[in-house]
>>> print(open('run.txt').read())   # compact mmCIF, C-alpha atoms
# COMPACT_ATOMS: atom_id res chain seq x y z
CA MET A 2 -26.04 102.69 132.83
CA ASN A 3 -28.98 104.75 134.01
CA VAL A 4 -29.03 108.55 134.17
CA THR A 5 -31.40 110.96 135.87
CA PHE A 6 -31.32 114.73 135.41
CA GLN A 7 -32.43 117.46 137.76
CA GLU A 8 -32.32 121.20 137.16
CA ASN A 9 -32.07 123.64 140.07
CA PHE A 10 -31.83 127.32 139.02
CA ASN A 11 -28.65 127.51 136.96
CA GLU A 12 -27.37 124.07 137.92
CA LEU A 13 -27.79 120.81 136.07
CA GLU A 14 -27.40 117.75 138.29
CA VAL A 15 -26.77 114.38 136.66
CA LYS A 16 -27.10 111.27 138.80
CA LEU A 17 -25.24 108.32 137.31
CA HIS A 18 -26.12 104.70 138.09
CA GLY A 19 -24.43 101.49 137.00
CA GLU A 20 -21.20 100.89 135.09
CA ILE A 21 -19.37 103.42 132.88
CA ASP A 22 -17.26 101.88 130.13
CA HIS A 23 -16.56 102.44 126.44
CA HIS A 24 -19.79 100.60 125.56
CA CYS A 25 -22.05 103.22 127.14
CA ALA A 26 -19.76 106.29 127.13
CA ARG A 27 -20.88 107.86 123.86
CA GLY A 28 -24.60 107.54 124.64
CA LEU A 29 -23.97 108.98 128.10
CA SER A 30 -21.97 111.93 126.74
CA ASP A 31 -24.60 112.66 124.09
CA SER A 32 -27.47 112.66 126.58
CA ILE A 33 -25.60 115.01 128.97
CA ASP A 34 -24.57 117.33 126.12
CA PHE A 35 -28.17 117.52 124.92
CA LYS A 36 -29.29 118.74 128.37
CA ILE A 37 -26.37 121.17 128.71
CA LYS A 38 -27.07 122.80 125.34
CA ARG A 39 -30.75 123.07 126.13
CA HIS A 40 -30.51 124.50 129.65
CA ARG A 41 -27.11 126.20 129.54
CA PRO A 42 -26.34 125.75 133.28
CA SER A 43 -23.43 127.56 134.91
CA LEU A 44 -22.67 124.47 137.00
CA LEU A 45 -22.80 120.84 135.87
CA ILE A 46 -22.93 118.41 138.80
CA LEU A 47 -22.03 114.80 138.07
CA ASP A 48 -23.02 112.49 140.93
CA PHE A 49 -21.05 109.21 140.90
CA GLY A 50 -22.69 107.82 144.07
CA GLY A 51 -24.45 105.09 142.09
CA VAL A 52 -21.53 104.12 139.87
CA SER A 53 -20.31 100.60 140.65
CA PHE A 54 -17.56 100.47 138.00
CA MET A 55 -15.75 102.99 135.84
CA ASP A 56 -12.72 102.72 133.54
CA SER A 57 -10.84 105.42 131.58
CA SER A 58 -13.92 105.94 129.39
CA GLY A 59 -15.49 107.76 132.36
CA LEU A 60 -12.50 110.07 132.46
CA ALA A 61 -13.05 110.97 128.81
CA VAL A 62 -16.75 111.60 129.54
CA VAL A 63 -15.87 114.07 132.31
CA MET A 64 -13.10 115.84 130.38
CA GLY A 65 -15.33 116.19 127.31
CA ARG A 66 -18.18 117.71 129.34
CA ARG A 67 -15.71 120.04 131.06
CA LYS A 68 -14.63 121.31 127.66
CA LEU A 69 -18.23 121.99 126.66
CA MET A 70 -19.03 123.71 129.99
CA GLN A 71 -15.85 125.79 129.73
CA SER A 72 -16.90 127.02 126.29
CA MET A 73 -20.01 128.44 128.02
CA ASP A 74 -18.04 129.83 131.01
CA GLY A 75 -19.46 127.08 133.19
CA LYS A 76 -17.91 124.72 135.72
CA VAL A 77 -18.10 121.01 136.50
CA GLU A 78 -18.44 119.49 139.95
CA LEU A 79 -18.05 115.80 140.83
CA ARG A 80 -19.87 114.34 143.83
CA HIS A 81 -19.85 111.11 145.83
CA LEU A 82 -16.56 109.76 144.51
CA CYS A 83 -15.66 106.38 145.98
CA GLY A 84 -14.50 102.93 144.90
CA SER A 85 -13.78 102.46 141.22
CA PRO A 86 -14.48 106.05 139.99
CA LYS A 87 -12.37 107.54 142.80
CA LYS A 88 -9.36 105.36 141.93
CA ILE A 89 -9.44 106.48 138.30
CA PHE A 90 -10.06 110.17 139.03
CA ASP A 91 -7.34 110.30 141.71
CA MET A 92 -4.83 108.72 139.35
CA ALA A 93 -5.64 111.24 136.64
CA GLY A 94 -5.40 114.21 139.04
CA ILE A 95 -8.93 115.27 138.13
CA ALA A 96 -8.98 117.82 140.99
CA ASN A 97 -6.86 120.08 138.77
CA TYR A 98 -9.69 120.31 136.27
CA VAL A 99 -13.00 120.16 138.12
CA ILE A 100 -14.50 120.85 141.55
CA ILE A 101 -14.57 117.82 143.86
CA LYS A 102 -17.24 117.92 146.50
CA GLU A 103 -16.42 115.55 149.32
CA GLU A 104 -19.49 114.69 151.29
CA LYS A 105 -20.86 111.81 153.27
CA TYR A 106 -23.54 109.62 151.84
CA GLU A 107 -26.93 111.02 152.73
CA SER A 108 -29.64 108.56 153.57
CA GLU A 109 -31.87 108.45 150.55
CA MET B 23 5.93 76.28 136.42
CA LYS B 24 2.63 74.43 136.18
CA ALA B 25 -0.58 76.35 136.72
CA ASN B 26 -2.90 75.20 139.50
CA ASN B 27 -5.94 76.30 137.56
CA GLN B 28 -6.60 77.70 134.13
CA MET B 29 -9.41 79.21 132.04
CA ARG B 30 -9.90 80.48 128.53
CA ILE B 31 -12.72 82.56 127.07
CA ALA B 32 -13.21 83.83 123.53
CA PHE B 33 -15.76 86.43 122.40
CA LEU B 34 -16.48 88.83 119.57
CA SER B 35 -15.02 92.34 119.69
CA ARG B 36 -18.40 93.96 120.35
CA SER B 37 -18.44 96.65 123.01
CA ALA B 38 -21.30 94.90 124.82
CA ASN B 39 -18.72 92.20 125.73
CA GLU B 40 -16.50 94.61 127.71
CA GLY B 41 -18.68 94.02 130.77
CA PHE B 42 -18.75 90.26 130.17
CA ALA B 43 -14.95 90.08 129.96
CA ARG B 44 -14.19 91.94 133.18
CA ILE B 45 -16.87 90.09 135.16
CA ALA B 46 -15.68 86.69 133.86
CA VAL B 47 -12.10 87.48 134.93
CA ALA B 48 -13.25 88.74 138.34
CA ALA B 49 -15.27 85.53 138.81
CA PHE B 50 -12.21 83.40 137.93
CA ALA B 51 -10.02 85.38 140.35
CA ALA B 52 -12.61 85.06 143.12
CA GLN B 53 -11.14 81.68 144.16
CA LEU B 54 -8.05 83.59 145.41
CA ASP B 55 -10.29 85.52 147.82
CA PRO B 56 -9.25 88.98 146.57
CA THR B 57 -10.03 92.24 148.35
CA VAL B 58 -12.58 94.70 146.92
CA GLU B 59 -9.64 96.89 145.81
CA GLU B 60 -7.98 94.00 143.98
CA ILE B 61 -11.23 93.15 142.17
CA ILE B 62 -11.60 96.80 141.05
CA GLU B 63 -8.00 96.78 139.79
CA LEU B 64 -8.44 93.54 137.84
CA LYS B 65 -11.77 94.56 136.30
CA THR B 66 -10.41 97.96 135.29
CA ALA B 67 -7.21 96.63 133.70
CA VAL B 68 -9.17 93.98 131.76
CA SER B 69 -11.71 96.58 130.65
CA GLU B 70 -8.91 98.83 129.33
CA ALA B 71 -7.17 96.03 127.41
CA VAL B 72 -10.39 94.66 125.90
CA THR B 73 -11.51 98.18 124.91
CA ASN B 74 -8.15 98.73 123.19
CA SER B 75 -8.64 95.53 121.17
CA ILE B 76 -12.16 96.62 120.18
CA VAL B 77 -11.37 100.29 119.42
CA HIS B 78 -7.88 99.94 117.91
CA GLY B 79 -7.13 96.28 117.09
CA TYR B 80 -10.43 95.65 115.35
CA ALA B 81 -11.19 99.29 114.51
CA ASP B 82 -13.17 98.69 111.32
CA THR B 83 -14.02 95.05 111.74
CA ILE B 84 -15.28 92.47 114.20
CA GLY B 85 -12.85 89.79 115.34
CA THR B 86 -12.25 87.42 118.22
CA ILE B 87 -10.68 88.40 121.53
CA THR B 88 -9.27 85.58 123.68
CA ILE B 89 -8.55 85.85 127.39
CA THR B 90 -6.65 83.20 129.29
CA GLY B 91 -6.19 83.14 133.03
CA ARG B 92 -3.70 81.01 134.95
CA LEU B 93 -3.35 80.66 138.70
CA TYR B 94 -0.07 79.72 140.35
CA GLU B 95 1.19 79.35 143.92
CA ASN B 96 1.24 82.37 146.25
CA GLY B 97 -1.78 84.05 144.64
CA LYS B 98 -0.01 84.71 141.36
CA LEU B 99 -2.47 85.35 138.54
CA ILE B 100 -1.41 85.66 134.92
CA LEU B 101 -3.90 86.97 132.36
CA THR B 102 -3.44 87.34 128.63
CA ILE B 103 -5.78 89.40 126.43
CA LYS B 104 -5.15 88.61 122.81
CA ASP B 105 -6.53 89.90 119.52
CA ARG B 106 -5.65 89.22 115.90
CA GLY B 107 -6.30 92.79 114.86
CA LYS B 108 -4.14 95.36 113.13
CA GLY B 109 -1.45 95.51 115.82
CA ILE B 110 0.49 98.47 117.21
CA GLU B 111 3.31 100.10 115.18
CA ASP B 112 5.08 101.63 118.16
CA VAL B 113 4.26 99.93 121.47
CA LYS B 114 6.44 102.29 123.53
CA GLN B 115 4.61 105.35 122.16
CA ALA B 116 1.19 103.69 122.62
CA MET B 117 1.97 103.15 126.31
CA GLU B 118 2.82 106.80 126.99
CA PRO B 119 0.28 108.61 129.21
CA LEU B 120 -2.29 110.64 127.24
CA PHE B 121 -1.20 109.18 123.90
CA THR B 122 -4.21 108.17 121.80
CA THR B 123 -4.87 107.60 118.13
CA GLY B 124 -8.57 107.45 118.93
CA ASN B 125 -11.11 110.23 119.16
CA ALA B 126 -9.84 112.49 121.98
CA GLU B 127 -13.46 113.21 122.96
CA GLU B 128 -14.05 109.55 123.71
CA ARG B 129 -10.65 108.17 124.66
CA SER B 130 -8.55 109.62 127.47
CA GLY B 131 -5.22 108.04 126.48
CA MET B 132 -4.88 106.69 130.04
CA GLY B 133 -5.54 103.01 129.30
CA PHE B 134 -1.99 101.67 129.52
CA THR B 135 -1.17 103.96 132.46
CA ILE B 136 -4.11 102.48 134.36
CA MET B 137 -3.07 98.91 133.46
CA GLU B 138 0.49 99.56 134.65
CA THR B 139 -0.69 101.17 137.88
CA PHE B 140 -3.19 98.45 138.78
CA MET B 141 -1.22 95.36 137.71
CA ASP B 142 2.13 94.18 139.11
CA LYS B 143 3.50 93.63 135.62
CA VAL B 144 2.25 94.48 132.11
CA ARG B 145 3.82 93.15 128.93
CA VAL B 146 2.64 94.11 125.46
CA THR B 147 3.69 92.19 122.37
CA SER B 148 2.38 93.34 119.03
CA LYS B 149 3.02 92.86 115.37
CA PRO B 150 1.45 95.18 112.80
CA GLY B 151 -1.01 93.18 110.73
CA SER B 152 -1.23 90.19 113.04
CA GLY B 153 -2.42 91.42 116.42
CA THR B 154 -1.61 92.35 119.99
CA THR B 155 -1.24 90.36 123.20
CA VAL B 156 -1.29 92.05 126.59
CA THR B 157 -0.06 89.97 129.54
CA PHE B 158 -0.82 90.95 133.12
CA THR B 159 0.78 89.55 136.25
CA LYS B 160 -1.04 90.26 139.49
CA TYR B 161 -0.37 88.91 142.97
CA ILE B 162 -3.57 88.50 144.93
CA ASN B 163 -2.72 88.65 148.62
CA SER B 164 -5.39 86.43 150.03
CA LYS B 165 -7.02 88.06 153.05
CA GLU B 166 -6.68 85.81 156.07
>>> encode(input="run.txt", output="structure tokens")
Amino acid sequence: MNVTFQENFNELEVKLHGEIDHHCARGLSDSIDFKIKRHRPSLLILDFGGVSFMDSSGLAVVMGRRKLMQSMDGKVELRHLCGSPKKIFDMAGIANYVIIKEEKYESE
Amino acid sequence: MKANNQMRIAFLSRSANEGFARIAVAAFAAQLDPTVEEIIELKTAVSEAVTNSIVHGYADTIGTITITGRLYENGKLILTIKDRGKGIEDVKQAMEPLFTTGNAEERSGMGFTIMETFMDKVRVTSKPGSGTTVTFTKYINSKE
């Protein structure tokens, strides 16, 4: 699991790469929380475009960050959902809890 | 019924082995020529069961997790994920969506729901004090 952060005005964008499972979930949550508490964004963007595998641990990562963002009156947005993450998020009805931004893959 | 092919792996209940377990199972199933969707479903269900054994079965200790895979006619795959950990008191309750005895910040309580959605059949046998065995049946519809 590899994470890169980018801050734009009051947004914090987190690009996730690799596999999200129980093994890496706590470290991932801690590193995102550290950035949130430091920059206090009003929108947390989690980009799953680079995630090749995700199990229910990823769901707990998102719901935990949503709780933290909510406590600061902020919102969470998920981007580039496909494959494994999309299957899990769709099953859990994640759209009831966070913003889903559907967009095509940009050429990077 | 006799299996056409069979495998068995055993590994320590360290979280670093979650990735090893799901990739080993996917590699074994590859001979059935599964679709990308079927591979995702298998890897996810295995990941959930192995994580349960690590987080709950062997909560305060390190033990051995054994996975067996058997292939039958018509793309039928049977997997068992077995631990000799502390077992589950109430299997029915443990399988309810959103039920978790773990840290709610880290566990979503969706593990068994995901296994049941992605596999054709899930059976859980458990005895407090002696361990838990999860058995999956999955039909891989070979793409022609």
>>> residues_around(input="run.txt", residues="region 43-53 of chain A", least_positions_apart="3", cutoff="9 Å", atoms="all atoms listed in the file", output="NGL selection string")
:A and (2 or 11-21 or 37 or 63 or 66-67 or 70 or 73-86 or 106)
>>> closest_atom_pairs(input="run.txt", of="chain B", to="chain A", cutoff="6 Å", atoms="only C-alpha atoms", output="Markdown table")
| residue | atom | partner | partner_atom | distance |
| --- | --- | --- | --- | --- |
| B:Ser37 | CA | A:His24 | CA | 4.9 |
| B:Ala38 | CA | A:His24 | CA | 5.9 |
| B:Thr66 | CA | A:Asp56 | CA | 5.6 |
| B:Glu127 | CA | A:Gly65 | CA | 5.6 |
| B:Glu128 | CA | A:Ala61 | CA | 5.4 |
| B:Arg129 | CA | A:Ala61 | CA | 5.6 |
| B:Ser130 | CA | A:Ala61 | CA | 4.9 |
>>> write_last_selection(input="run.txt", atoms="C-alpha atoms", output="short mmCIF file (atom, residue, chain, number, x, y, z; two decimals), in the coordinates of the input")
data_model
loop_
_atom_site.label_atom_id
_atom_site.label_comp_id
_atom_site.auth_asym_id
_atom_site.auth_seq_id
_atom_site.Cartn_x
_atom_site.Cartn_y
_atom_site.Cartn_z
CA SER B 37 -18.44 96.65 123.01
CA ALA B 38 -21.30 94.90 124.82
CA THR B 66 -10.41 97.96 135.29
CA GLU B 127 -13.46 113.21 122.96
CA GLU B 128 -14.05 109.55 123.71
CA ARG B 129 -10.65 108.17 124.66
CA SER B 130 -8.55 109.62 127.47
#
>>> closest_atom_pairs(input="run.txt", of="region 77-134 of chain B", to="region 139-160 of chain B", cutoff="10 Å", atoms="all atoms listed in the file", output="JSON lines")
{"residue": "B:Gly79", "atom": "CA", "partner": "B:Gly153", "partner_atom": "CA", "distance": 6.8}
{"residue": "B:Tyr80", "atom": "CA", "partner": "B:Gly153", "partner_atom": "CA", "distance": 9.1}
{"residue": "B:Ile87", "atom": "CA", "partner": "B:Thr155", "partner_atom": "CA", "distance": 9.8}
{"residue": "B:Thr88", "atom": "CA", "partner": "B:Thr155", "partner_atom": "CA", "distance": 9.4}
{"residue": "B:Ile89", "atom": "CA", "partner": "B:Thr155", "partner_atom": "CA", "distance": 9.6}
{"residue": "B:Thr90", "atom": "CA", "partner": "B:Thr157", "partner_atom": "CA", "distance": 9.5}
{"residue": "B:Gly91", "atom": "CA", "partner": "B:Phe158", "partner_atom": "CA", "distance": 9.5}
{"residue": "B:Arg92", "atom": "CA", "partner": "B:Thr159", "partner_atom": "CA", "distance": 9.7}
{"residue": "B:Leu93", "atom": "CA", "partner": "B:Lys160", "partner_atom": "CA", "distance": 9.9}
{"residue": "B:Gly97", "atom": "CA", "partner": "B:Lys160", "partner_atom": "CA", "distance": 8.1}
{"residue": "B:Lys98", "atom": "CA", "partner": "B:Lys160", "partner_atom": "CA", "distance": 5.9}
{"residue": "B:Leu99", "atom": "CA", "partner": "B:Lys160", "partner_atom": "CA", "distance": 5.2}
{"residue": "B:Ile100", "atom": "CA", "partner": "B:Thr159", "partner_atom": "CA", "distance": 4.7}
{"residue": "B:Leu101", "atom": "CA", "partner": "B:Phe158", "partner_atom": "CA", "distance": 5.1}
{"residue": "B:Thr102", "atom": "CA", "partner": "B:Thr157", "partner_atom": "CA", "distance": 4.4}
{"residue": "B:Ile103", "atom": "CA", "partner": "B:Val156", "partner_atom": "CA", "distance": 5.2}
{"residue": "B:Lys104", "atom": "CA", "partner": "B:Thr155", "partner_atom": "CA", "distance": 4.3}
{"residue": "B:Asp105", "atom": "CA", "partner": "B:Gly153", "partner_atom": "CA", "distance": 5.4}
{"residue": "B:Arg106", "atom": "CA", "partner": "B:Gly153", "partner_atom": "CA", "distance": 3.9}
{"residue": "B:Gly107", "atom": "CA", "partner": "B:Gly153", "partner_atom": "CA", "distance": 4.4}
{"residue": "B:Lys108", "atom": "CA", "partner": "B:Gly151", "partner_atom": "CA", "distance": 4.5}
{"residue": "B:Gly109", "atom": "CA", "partner": "B:Pro150", "partner_atom": "CA", "distance": 4.2}
{"residue": "B:Ile110", "atom": "CA", "partner": "B:Pro150", "partner_atom": "CA", "distance": 5.6}
{"residue": "B:Glu111", "atom": "CA", "partner": "B:Pro150", "partner_atom": "CA", "distance": 5.8}
{"residue": "B:Asp112", "atom": "CA", "partner": "B:Ser148", "partner_atom": "CA", "distance": 8.8}
{"residue": "B:Val113", "atom": "CA", "partner": "B:Val146", "partner_atom": "CA", "distance": 7.2}
{"residue": "B:Lys114", "atom": "CA", "partner": "B:Val146", "partner_atom": "CA", "distance": 9.2}
{"residue": "B:Met117", "atom": "CA", "partner": "B:Val146", "partner_atom": "CA", "distance": 9.1}
{"residue": "B:Phe134", "atom": "CA", "partner": "B:Thr139", "partner_atom": "CA", "distance": 8.5}
>>> write_last_selection(input="run.txt", atoms="C-alpha atoms", output="mmCIF file, in the frame of the given file")
data_model
loop_
_atom_site.group_PDB
_atom_site.id
_atom_site.type_symbol
_atom_site.label_atom_id
_atom_site.label_comp_id
_atom_site.auth_asym_id
_atom_site.auth_seq_id
_atom_site.Cartn_x
_atom_site.Cartn_y
_atom_site.Cartn_z
ATOM 1 C CA GLY B 79 -7.130 96.280 117.090
ATOM 2 C CA TYR B 80 -10.430 95.650 115.350
ATOM 3 C CA ILE B 87 -10.680 88.400 121.530
ATOM 4 C CA THR B 88 -9.270 85.580 123.680
ATOM 5 C CA ILE B 89 -8.550 85.850 127.390
ATOM 6 C CA THR B 90 -6.650 83.200 129.290
ATOM 7 C CA GLY B 91 -6.190 83.140 133.030
ATOM 8 C CA ARG B 92 -3.700 81.010 134.950
ATOM 9 C CA LEU B 93 -3.350 80.660 138.700
ATOM 10 C CA GLY B 97 -1.780 84.050 144.640
ATOM 11 C CA LYS B 98 -0.010 84.710 141.360
ATOM 12 C CA LEU B 99 -2.470 85.350 138.540
ATOM 13 C CA ILE B 100 -1.410 85.660 134.920
ATOM 14 C CA LEU B 101 -3.900 86.970 132.360
ATOM 15 C CA THR B 102 -3.440 87.340 128.630
ATOM 16 C CA ILE B 103 -5.780 89.400 126.430
ATOM 17 C CA LYS B 104 -5.150 88.610 122.810
ATOM 18 C CA ASP B 105 -6.530 89.900 119.520
ATOM 19 C CA ARG B 106 -5.650 89.220 115.900
ATOM 20 C CA GLY B 107 -6.300 92.790 114.860
ATOM 21 C CA LYS B 108 -4.140 95.360 113.130
ATOM 22 C CA GLY B 109 -1.450 95.510 115.820
ATOM 23 C CA ILE B 110 0.490 98.470 117.210
ATOM 24 C CA GLU B 111 3.310 100.100 115.180
ATOM 25 C CA ASP B 112 5.080 101.630 118.160
ATOM 26 C CA VAL B 113 4.260 99.930 121.470
ATOM 27 C CA LYS B 114 6.440 102.290 123.530
ATOM 28 C CA MET B 117 1.970 103.150 126.310
ATOM 29 C CA PHE B 134 -1.990 101.670 129.520
#
>>> atom_distance(input="run.txt", atom1="CA of Val68 (chain B)", atom2="CA of Val47 (chain B)")
7.8 Å
>>> atom_distance(input="run.txt", atom1="CA of Thr123 (chain B)", atom2="CA of Ile76 (chain B)")
13.3 Å
>>> atom_distance(input="run.txt", atom1="CA of Tyr94 (chain B)", atom2="CA of Gly133 (chain B)")
26.4 Å
>>> decode(input="run.txt", residues="region 83-106 of chain B", atoms="C-alpha atoms", output="short mmCIF file (atom, residue, chain, number, x, y, z; two decimals), in the first residue's frame")
data_model
loop_
_atom_site.label_atom_id
_atom_site.label_comp_id
_atom_site.auth_asym_id
_atom_site.auth_seq_id
_atom_site.Cartn_x
_atom_site.Cartn_y
_atom_site.Cartn_z
CA THR B 83 -1.67 -15.41 20.19
CA ILE B 84 -0.08 -16.68 16.99
CA GLY B 85 -1.30 -20.00 15.63
CA THR B 86 -1.54 -21.93 12.39
CA ILE B 87 -4.17 -21.35 9.72
CA THR B 88 -4.70 -24.16 7.19
CA ILE B 89 -6.39 -23.74 3.82
CA THR B 90 -7.37 -26.67 1.66
CA GLY B 91 -8.70 -26.40 -1.86
CA ARG B 92 -10.42 -29.16 -3.83
CA LEU B 93 -11.52 -29.09 -7.45
CA TYR B 94 -14.37 -31.24 -8.73
CA GLU B 95 -16.21 -31.65 -12.03
CA ASN B 96 -18.16 -28.72 -13.51
CA GLY B 97 -15.88 -26.06 -12.03
CA LYS B 98 -16.85 -26.80 -8.46
CA LEU B 99 -14.28 -25.48 -5.99
CA ILE B 100 -14.41 -26.23 -2.28
CA LEU B 101 -12.17 -24.28 0.09
CA THR B 102 -11.77 -24.71 3.82
CA ILE B 103 -10.08 -22.13 6.06
CA LYS B 104 -9.35 -23.63 9.43
CA ASP B 105 -7.89 -22.33 12.67
CA ARG B 106 -7.42 -23.86 16.10
#
